[in-house]
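Student: For reference, this is data.pdb, and it has PDB, C-alpha atoms and all ligand atoms.
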ATOM      1  CA  MET M  13       0.000   0.000   0.000
ATOM      2  CA  ALA M  14       1.087   3.589  -0.477
ATOM      3  CA  ILE M  15       0.317   7.034   0.819
ATOM      4  CA  ARG M  16      -0.344   9.297  -2.169
ATOM      5  CA  LYS M  17       0.056  13.061  -2.356
ATOM      6  CA  ILE M  18      -3.167  15.040  -1.852
ATOM      7  CA  LEU M  19      -3.698  17.889  -4.323
ATOM      8  CA  GLU M  20      -4.438  21.275  -2.769
ATOM      9  CA  PHE M  21      -6.628  24.196  -3.824
ATOM     10  CA  PRO M  22      -6.186  26.033  -6.199
ATOM     11  CA  ASP M  23      -4.551  23.175  -8.163
ATOM     12  CA  PRO M  24      -6.452  23.070 -11.496
ATOM     13  CA  ARG M  25      -6.333  19.245 -11.523
ATOM     14  CA  LEU M  26      -8.959  19.319  -8.734
ATOM     15  CA  ARG M  27     -11.357  20.707 -11.387
ATOM     16  CA  THR M  28     -11.222  17.523 -13.516
ATOM     17  CA  ARG M  29     -14.466  15.521 -13.878
ATOM     18  CA  ALA M  30     -13.967  11.878 -12.924
ATOM     19  CA  ALA M  31     -14.870   9.123 -15.400
ATOM     20  CA  ARG M  32     -17.003   6.115 -14.457
ATOM     21  CA  VAL M  33     -15.176   2.928 -13.490
ATOM     22  CA  ASP M  34     -16.065   0.177 -15.937
ATOM     23  CA  VAL M  35     -14.644  -2.860 -14.120
ATOM     24  CA  VAL M  36     -14.010  -3.206 -10.401
ATOM     25  CA  ASP M  37     -10.753  -5.132 -10.744
ATOM     26  CA  THR M  38      -7.460  -5.455  -8.842
ATOM     27  CA  ARG M  39      -6.271  -2.081 -10.121
ATOM     28  CA  ILE M  40      -9.305  -0.400  -8.521
ATOM     29  CA  GLN M  41      -8.878  -2.404  -5.308
ATOM     30  CA  ILE M  42      -5.254  -1.221  -5.036
ATOM     31  CA  LEU M  43      -6.453   2.348  -5.632
ATOM     32  CA  ILE M  44      -9.023   1.896  -2.823
ATOM     33  CA  ASP M  45      -6.366   0.518  -0.423
ATOM     34  CA  ASP M  46      -4.093   3.493  -1.191
ATOM     35  CA  MET M  47      -6.998   5.904  -0.709
ATOM     36  CA  PHE M  48      -7.761   4.496   2.759
ATOM     37  CA  GLU M  49      -4.091   4.611   3.732
ATOM     38  CA  THR M  50      -3.824   8.220   2.494
ATOM     39  CA  MET M  51      -7.072   9.275   4.206
ATOM     40  CA  TYR M  52      -6.188   7.630   7.547
ATOM     41  CA  ASP M  53      -2.680   9.148   7.450
ATOM     42  CA  ALA M  54      -4.212  12.606   6.959
ATOM     43  CA  ASN M  55      -6.893  12.050   9.659
ATOM     44  CA  GLY M  56      -9.728  12.601   7.195
ATOM     45  CA  ILE M  57     -13.223  11.089   7.246
ATOM     46  CA  GLY M  58     -13.528  10.872   3.458
ATOM     47  CA  LEU M  59     -11.465  11.004   0.273
ATOM     48  CA  ALA M  60     -12.337  11.172  -3.425
ATOM     49  CA  ALA M  61      -9.890   9.725  -5.991
ATOM     50  CA  SER M  62      -9.761  13.177  -7.638
ATOM     51  CA  GLN M  63      -7.836  14.438  -4.599
ATOM     52  CA  ILE M  64      -4.928  12.104  -5.383
ATOM     53  CA  ASP M  65      -5.052  12.997  -9.090
ATOM     54  CA  VAL M  66      -6.883   9.839 -10.186
ATOM     55  CA  HIS M  67      -9.915  10.971 -12.146
ATOM     56  CA  GLU M  68     -12.187   7.975 -11.698
ATOM     57  CA  GLN M  69     -15.417   7.779  -9.683
ATOM     58  CA  VAL M  70     -14.170   6.246  -6.424
ATOM     59  CA  ILE M  71     -14.953   7.529  -2.901
ATOM     60  CA  VAL M  72     -13.829   6.171   0.472
ATOM     61  CA  ILE M  73     -15.363   7.201   3.801
ATOM     62  CA  ASP M  74     -14.796   6.165   7.430
ATOM     63  CA  LEU M  75     -16.677   8.162  10.062
ATOM     64  CA  SER M  76     -15.623   5.958  12.993
ATOM     65  CA  SER M  77     -13.158   7.315  15.553
ATOM     66  CA  ASP M  78     -11.284   3.996  15.712
ATOM     67  CA  ARG M  79     -11.082   3.852  11.863
ATOM     68  CA  THR M  80     -12.699   0.445  11.613
ATOM     69  CA  GLU M  81     -15.719   1.233   9.430
ATOM     70  CA  PRO M  82     -14.389   1.658   5.891
ATOM     71  CA  ARG M  83     -17.016   2.380   3.226
ATOM     72  CA  VAL M  84     -16.480   2.481  -0.532
ATOM     73  CA  PHE M  85     -18.693   4.056  -3.200
ATOM     74  CA  ILE M  86     -17.838   3.467  -6.877
ATOM     75  CA  ASN M  87     -19.837   5.224  -9.657
ATOM     76  CA  PRO M  88     -22.170   6.817  -7.074
ATOM     77  CA  GLU M  89     -25.564   8.150  -8.162
ATOM     78  CA  VAL M  90     -27.292  10.388  -5.655
ATOM     79  CA  LYS M  91     -30.948  11.372  -5.315
ATOM     80  CA  ILE M  92     -32.116  14.009  -2.883
ATOM     81  CA  THR M  93     -34.928  12.654  -0.675
ATOM     82  CA  ASP M  94     -35.276  15.673   1.629
ATOM     83  CA  ASP M  95     -34.399  18.937  -0.056
ATOM     84  CA  SER M  96     -34.568  20.966   3.155
ATOM     85  CA  LEU M  97     -31.084  22.309   3.724
ATOM     86  CA  GLU M  98     -28.865  21.893   6.745
ATOM     87  CA  GLY M  99     -25.672  23.812   7.466
ATOM     88  CA  PHE M 100     -22.567  21.920   8.556
ATOM     89  CA  GLU M 101     -19.027  23.135   9.241
ATOM     90  CA  GLU M 102     -16.990  21.476   6.470
ATOM     91  CA  GLY M 103     -13.280  21.007   6.073
ATOM     92  CA  CYS M 104     -11.340  19.437   3.208
ATOM     93  CA  LEU M 105      -7.951  17.749   2.968
ATOM     94  CA  SER M 106      -7.445  19.719  -0.272
ATOM     95  CA  VAL M 107      -8.113  23.009   1.563
ATOM     96  CA  PRO M 108      -6.004  22.406   4.684
ATOM     97  CA  GLY M 109      -6.513  24.641   7.688
ATOM     98  CA  PHE M 110      -9.877  26.129   6.718
ATOM     99  CA  SER M 111     -13.456  25.250   7.572
ATOM    100  CA  GLU M 112     -16.731  26.978   6.790
ATOM    101  CA  SER M 113     -20.425  26.166   7.055
ATOM    102  CA  VAL M 114     -21.990  24.739   3.880
ATOM    103  CA  GLU M 115     -25.725  24.093   3.387
ATOM    104  CA  ARG M 116     -26.752  20.868   1.706
ATOM    105  CA  PRO M 117     -29.900  18.726   1.380
ATOM    106  CA  LYS M 118     -30.513  16.778   4.600
ATOM    107  CA  ALA M 119     -31.237  13.318   3.221
ATOM    108  CA  ILE M 120     -30.182  11.452   0.078
ATOM    109  CA  THR M 121     -30.160   7.985  -1.370
ATOM    110  CA  VAL M 122     -27.023   6.661  -3.023
ATOM    111  CA  LYS M 123     -26.722   3.853  -5.509
ATOM    112  CA  ALA M 124     -23.139   2.709  -6.102
ATOM    113  CA  LEU M 125     -20.821  -0.299  -6.251
ATOM    114  CA  ASP M 126     -18.712  -1.493  -3.324
ATOM    115  CA  ARG M 127     -15.109  -2.752  -3.487
ATOM    116  CA  ASN M 128     -16.275  -6.159  -4.741
ATOM    117  CA  GLY M 129     -18.479  -4.682  -7.458
ATOM    118  CA  ASN M 130     -21.686  -5.432  -5.533
ATOM    119  CA  VAL M 131     -24.548  -2.933  -5.691
ATOM    120  CA  ILE M 132     -25.150  -0.671  -2.683
ATOM    121  CA  ASP M 133     -28.463   1.203  -2.379
ATOM    122  CA  GLU M 134     -28.692   3.211   0.832
ATOM    123  CA  GLN M 135     -30.522   6.106   2.489
ATOM    124  CA  LEU M 136     -28.077   8.522   4.076
ATOM    125  CA  THR M 137     -28.625  11.288   6.621
ATOM    126  CA  GLY M 138     -26.489  13.255   9.054
ATOM    127  CA  LEU M 139     -22.709  13.359   8.684
ATOM    128  CA  LEU M 140     -22.673  10.502   6.174
ATOM    129  CA  ALA M 141     -25.012  12.454   3.854
ATOM    130  CA  VAL M 142     -22.854  15.573   4.248
ATOM    131  CA  CYS M 143     -19.636  13.686   3.580
ATOM    132  CA  LEU M 144     -20.933  11.775   0.564
ATOM    133  CA  GLN M 145     -22.209  14.989  -1.045
ATOM    134  CA  HIS M 146     -18.828  16.649  -0.359
ATOM    135  CA  GLU M 147     -17.040  13.700  -2.055
ATOM    136  CA  MET M 148     -19.510  13.648  -4.990
ATOM    137  CA  ASP M 149     -18.607  17.285  -5.577
ATOM    138  CA  HIS M 150     -14.906  16.358  -5.813
ATOM    139  CA  LEU M 151     -15.723  13.811  -8.551
ATOM    140  CA  GLN M 152     -17.345  16.673 -10.470
ATOM    141  CA  GLY M 153     -14.440  19.055  -9.948
ATOM    142  CA  LYS M 154     -16.193  21.048  -7.247
ATOM    143  CA  LEU M 155     -14.852  22.121  -3.826
ATOM    144  CA  PHE M 156     -16.603  23.401  -0.698
ATOM    145  CA  VAL M 157     -14.952  26.798  -1.208
ATOM    146  CA  ASP M 158     -17.138  27.196  -4.329
ATOM    147  CA  TYR M 159     -20.133  27.668  -1.992
ATOM    148  CA  LEU M 160     -18.474  30.594  -0.191
ATOM    149  CA  SER M 161     -18.418  34.266  -1.149
ATOM    150  CA  PRO M 162     -15.784  35.246  -3.757
ATOM    151  CA  LEU M 163     -14.053  37.300  -1.067
ATOM    152  CA  LYS M 164     -13.720  34.366   1.352
ATOM    153  CA  ARG M 165     -12.613  32.061  -1.467
ATOM    154  CA  GLN M 166      -9.951  34.542  -2.578
ATOM    155  CA  ARG M 167      -8.615  34.913   0.965
ATOM    156  CA  ILE M 168      -8.312  31.142   1.319
ATOM    157  CA  ARG M 169      -6.645  30.926  -2.101
ATOM    158  CA  GLN M 170      -4.088  33.603  -1.246
ATOM    159  CA  ARG M 171      -3.159  32.022   2.083
ATOM    160  CA  LEU M 172      -2.781  28.554   0.556
ATOM    161  CA  GLU M 173      -0.738  29.863  -2.409
ATOM    162  CA  LYS M 174       1.585  31.628   0.025
ATOM    163  CA  GLU M 175       2.027  28.422   2.047
ATOM    164  CA  GLN M 176       2.627  26.415  -1.166
ATOM    165  CA  ARG M 177       5.338  28.880  -2.299
ATOM    166  CA  ARG M 178       6.947  28.665   1.132
ATOM    167  CA  ARG M 179       7.138  24.864   0.838
ATOM    168  CA  ALA M 180       8.384  24.861  -2.784
TER
HETATM  169  O1  LIG B 201     -11.905  14.974   6.630
HETATM  170  C1  LIG B 201     -12.870  15.603   6.202
HETATM  171  N1  LIG B 201     -13.771  16.133   7.065
HETATM  172  C2  LIG B 201     -14.970  16.683   6.670
HETATM  173  C3  LIG B 201     -15.685  17.427   7.606
HETATM  174  C4  LIG B 201     -16.903  17.979   7.269
HETATM  175  C5  LIG B 201     -17.426  17.786   6.020
HETATM  176  C6  LIG B 201     -16.724  17.057   5.064
HETATM  177  C7  LIG B 201     -15.514  16.509   5.397
HETATM  178  S1  LIG B 201     -14.649  15.577   4.221
HETATM  179  C8  LIG B 201     -13.003  15.828   4.750
HETATM  180  C9  LIG B 201     -12.037  15.000   3.930
HETATM  181  C10 LIG B 201     -12.063  15.463   2.493
HETATM  182  O2  LIG B 201     -11.514  16.448   2.092
HETATM  183  N2  LIG B 201     -12.780  14.754   1.675
HETATM  184  O3  LIG B 201     -12.899  15.136   0.393
HETATM  185 NI    NI B 202     -12.658  17.289   0.395
END
Using structure tokens, write down the structure that the file contains.
Ligand code: GNR
Ligand code: NI
Tutor:
Amino acid sequence: MAIRKILEFPDPRLRTRAARVDVVDTRIQILIDDMFETMYDANGIGLAASQIDVHEQVIVIDLSSDRTEPRVFINPEVKITDDSLEGFEEGCLSVPGFSESVERPKAITVKALDRNGNVIDEQLTGLLAVCLQHEMDHLQGKLFVDYLSPLKRQRIRQRLEKEQRRRA
């Protein structure tokens, strides 16, 4: 397994739309293992393949504090089942050091494949619904900062660019 580098805002590669996975084979299972290792190493609760510069529709999530409840969603299709919005303070491993409240639909259903290619069809609410919608956005090239005011987004961009220049 390997820890992969997480792309950071405003890297233009984060704007790439992910393609559907056509076969859930060993290559995808290795990708999933690397995604979990990368996410756990960074103390995240979710990761989209887009964030490690792999533009295929794969999401991993683990909301448990002891990191023992890995979930995988391949080719996810989401339907909103309760369009009333709820605000939640979101962070992102691709926007390190910042968090802001984002409003999203409260309840969704997701149809996807798991790591063995079996169909998942679930109702999600609460943090899992928030996290899955956040990861779905990544697969479409969208980030939580896109929901903020242009001023806030620009401030975040400037601070991250400064930090990236410092590291380079
Ligand atoms: O680790 C993460 N925490 C988080 C908190 C609130 C809402 C969404 C998230 S996802 C984030 C990891 C990440 O960047 N996934 O794309
Ligand atoms: Ni994110």
Student: Given the file shown, enumerate the residues that the PyMOL selection byres (((not hetatm)) within 6 of (chain B and resi 202)) captures and present them as a list in words.
Tutor: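 So the PyMOL selection byres (((not hetatm)) within 6 of (chain B and resi 202)) ends up selecting Cys104, Leu105 and Ser106 of chain M.
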Student: As AutoDock Vina command-line options, please report the centre and edge lengths, rounded to one decimal in Å, of the axis-aligned box that holds all listed atoms of ligand LIG 201 (chain B) with 4 Å of padding on each of the six sides.
Tutor:
--center_x -14.5 --center_y 16.4 --center_z 4.0 --size_x 13.9 --size_y 11.2 --size_z 15.2
Student: Provide the atom CA of Asp37 of chain M to atom CA of Ile15 of chain M distance in Å, to one decimal place.
Tutor: 20.1 Å
Student: Write out as a PyMOL selection string each polymer residue (protein, DNA or RNA) that has an atom no more than 8 Å from ligand LIG 201 (chain B), with all atoms listed in the file counted.
Tutor: chain M and resi 51+55-60+63+100-107+139+142-143+146-147+150
Student: Atoms to include: C-alpha atoms. Write the selected residues as a compact mmCIF listing (two decimals), in the frame of the given file.
Tutor:
# COMPACT_ATOMS: atom_id res chain seq x y z
CA MET M 51 -7.07 9.28 4.21
CA ASN M 55 -6.89 12.05 9.66
CA GLY M 56 -9.73 12.60 7.20
CA ILE M 57 -13.22 11.09 7.25
CA GLY M 58 -13.53 10.87 3.46
CA LEU M 59 -11.46 11.00 0.27
CA ALA M 60 -12.34 11.17 -3.42
CA GLN M 63 -7.84 14.44 -4.60
CA PHE M 100 -22.57 21.92 8.56
CA GLU M 101 -19.03 23.14 9.24
CA GLU M 102 -16.99 21.48 6.47
CA GLY M 103 -13.28 21.01 6.07
CA CYS M 104 -11.34 19.44 3.21
CA LEU M 105 -7.95 17.75 2.97
CA SER M 106 -7.44 19.72 -0.27
CA VAL M 107 -8.11 23.01 1.56
CA LEU M 139 -22.71 13.36 8.68
CA VAL M 142 -22.85 15.57 4.25
CA CYS M 143 -19.64 13.69 3.58
CA HIS M 146 -18.83 16.65 -0.36
CA GLU M 147 -17.04 13.70 -2.06
CA HIS M 150 -14.91 16.36 -5.81
Student: Report as a VMD selection string all protein, DNA and RNA residues lying within 9 Å of segment 168-175 of chain M, evaluated on only C-alpha atoms, omitting residues in the same chain fewer than 2 positions from it.
Tutor: chain M and resid 20 to 22 107 to 110 157 163 to 166 177 to 180
Student: Please produce an output containing C-alpha atoms for each residue in the selection, written as a PDB file, in the frame of the given file.
Tutor:
ATOM      1  CA  GLU M  20      -4.438  21.275  -2.769  1.00  0.00           C
ATOM      2  CA  PHE M  21      -6.628  24.196  -3.824  1.00  0.00           C
ATOM      3  CA  PRO M  22      -6.186  26.033  -6.199  1.00  0.00           C
ATOM      4  CA  VAL M 107      -8.113  23.009   1.563  1.00  0.00           C
ATOM      5  CA  PRO M 108      -6.004  22.406   4.684  1.00  0.00           C
ATOM      6  CA  GLY M 109      -6.513  24.641   7.688  1.00  0.00           C
ATOM      7  CA  PHE M 110      -9.877  26.129   6.718  1.00  0.00           C
ATOM      8  CA  VAL M 157     -14.952  26.798  -1.208  1.00  0.00           C
ATOM      9  CA  LEU M 163     -14.053  37.300  -1.067  1.00  0.00           C
ATOM     10  CA  LYS M 164     -13.720  34.366   1.352  1.00  0.00           C
ATOM     11  CA  ARG M 165     -12.613  32.061  -1.467  1.00  0.00           C
ATOM     12  CA  GLN M 166      -9.951  34.542  -2.578  1.00  0.00           C
ATOM     13  CA  ARG M 177       5.338  28.880  -2.299  1.00  0.00           C
ATOM     14  CA  ARG M 178       6.947  28.665   1.132  1.00  0.00           C
ATOM     15  CA  ARG M 179       7.138  24.864   0.838  1.00  0.00           C
ATOM     16  CA  ALA M 180       8.384  24.861  -2.784  1.00  0.00           C
TER      17      ALA M 180
END
Student: For Thr28 of chain M, find every residue with an atom within 10 Å (counting only C-alpha atoms), except residues of its own chain fewer than 6 positions away, and show them as a short mmCIF file (atom, residue, chain, number, x, y, z; two decimals) with C-alpha atoms, keeping the file's coordinate frame.
Tutor:
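Here's the written file around.cif:
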data_model
loop_
_atom_site.label_atom_id
_atom_site.label_comp_id
_atom_site.auth_asym_id
_atom_site.auth_seq_id
_atom_site.Cartn_x
_atom_site.Cartn_y
_atom_site.Cartn_z
CA SER M 62 -9.76 13.18 -7.64
CA ASP M 65 -5.05 13.00 -9.09
CA VAL M 66 -6.88 9.84 -10.19
CA HIS M 67 -9.91 10.97 -12.15
CA GLU M 68 -12.19 7.98 -11.70
CA HIS M 150 -14.91 16.36 -5.81
CA LEU M 151 -15.72 13.81 -8.55
CA GLN M 152 -17.34 16.67 -10.47
CA GLY M 153 -14.44 19.06 -9.95
CA LYS M 154 -16.19 21.05 -7.25
#
Student: Quick one: of M:Leu140, M:Val122, M:Val90, M:Ile42, who's nearest to Asp74 of chain M, counting only C-alpha atoms?
Tutor: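 So, comparing all the options, the nearest one is M:Leu140.
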Student: Starting from the point (-18.5, -2.9, -3.7), work out which residues of protein, DNA or RNA have an atom no more than 12 Å away when counting all atoms listed in the file; state them as a ChimeraX atom specification.
Tutor: /M:33,35-37,40-41,44,70-72,82-88,123-133
Student: Atom CA of Asp53 of chain M and atom CA of Arg79 of chain M, how far apart in Å?
Tutor: 10.9 Å
Student: Selection in question (the file shown): the PyMOL selection byres (((chain M and resi 46) around 8) and not hetatm). Which residues does it include, as number ranges by chain?
Tutor: M: 13-16, 42-45, 47-50
Student: Taking the file as I've supplied it (selection: the PyMOL selection byres (((chain M and resi 115) around 8) and not hetatm)), which residues are included? Please answer as an MDAnalysis selection string.
Tutor: chainID M and resid 97:100 113:114 116:117
Student: For Asp94 of chain M, which residue out of M:Thr137, M:Thr38, M:Gln176, M:Gln145 is the nearest one, using only C-alpha atoms?
Tutor: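 Nearest to Asp94 of chain M: M:Thr137.
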Student: Rounded to one decimal in Å, what is the spacing between atom CA of Tyr52 of chain M and atom CA of Met148 of chain M?
Tutor: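 If I compute the distance from atom CA of Tyr52 of chain M to atom CA of Met148 of chain M, I get 19.3 Å.
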Student: Nearest residue to Ile92 of chain M out of M:Leu136, M:Leu19, M:Leu75, M:Ala119, using all atoms listed in the file?
Tutor: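 Nearest candidate to Ile92 of chain M out of M:Leu136, M:Leu19, M:Leu75, M:Ala119: M:Ala119.
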Student: Using all atoms listed in the file, pick whichever of M:Asp149, M:Leu160, M:Ile64, M:Glu134 has the shortest atom-to-atom distance to Arg29 of chain M.
Tutor: M:Asp149
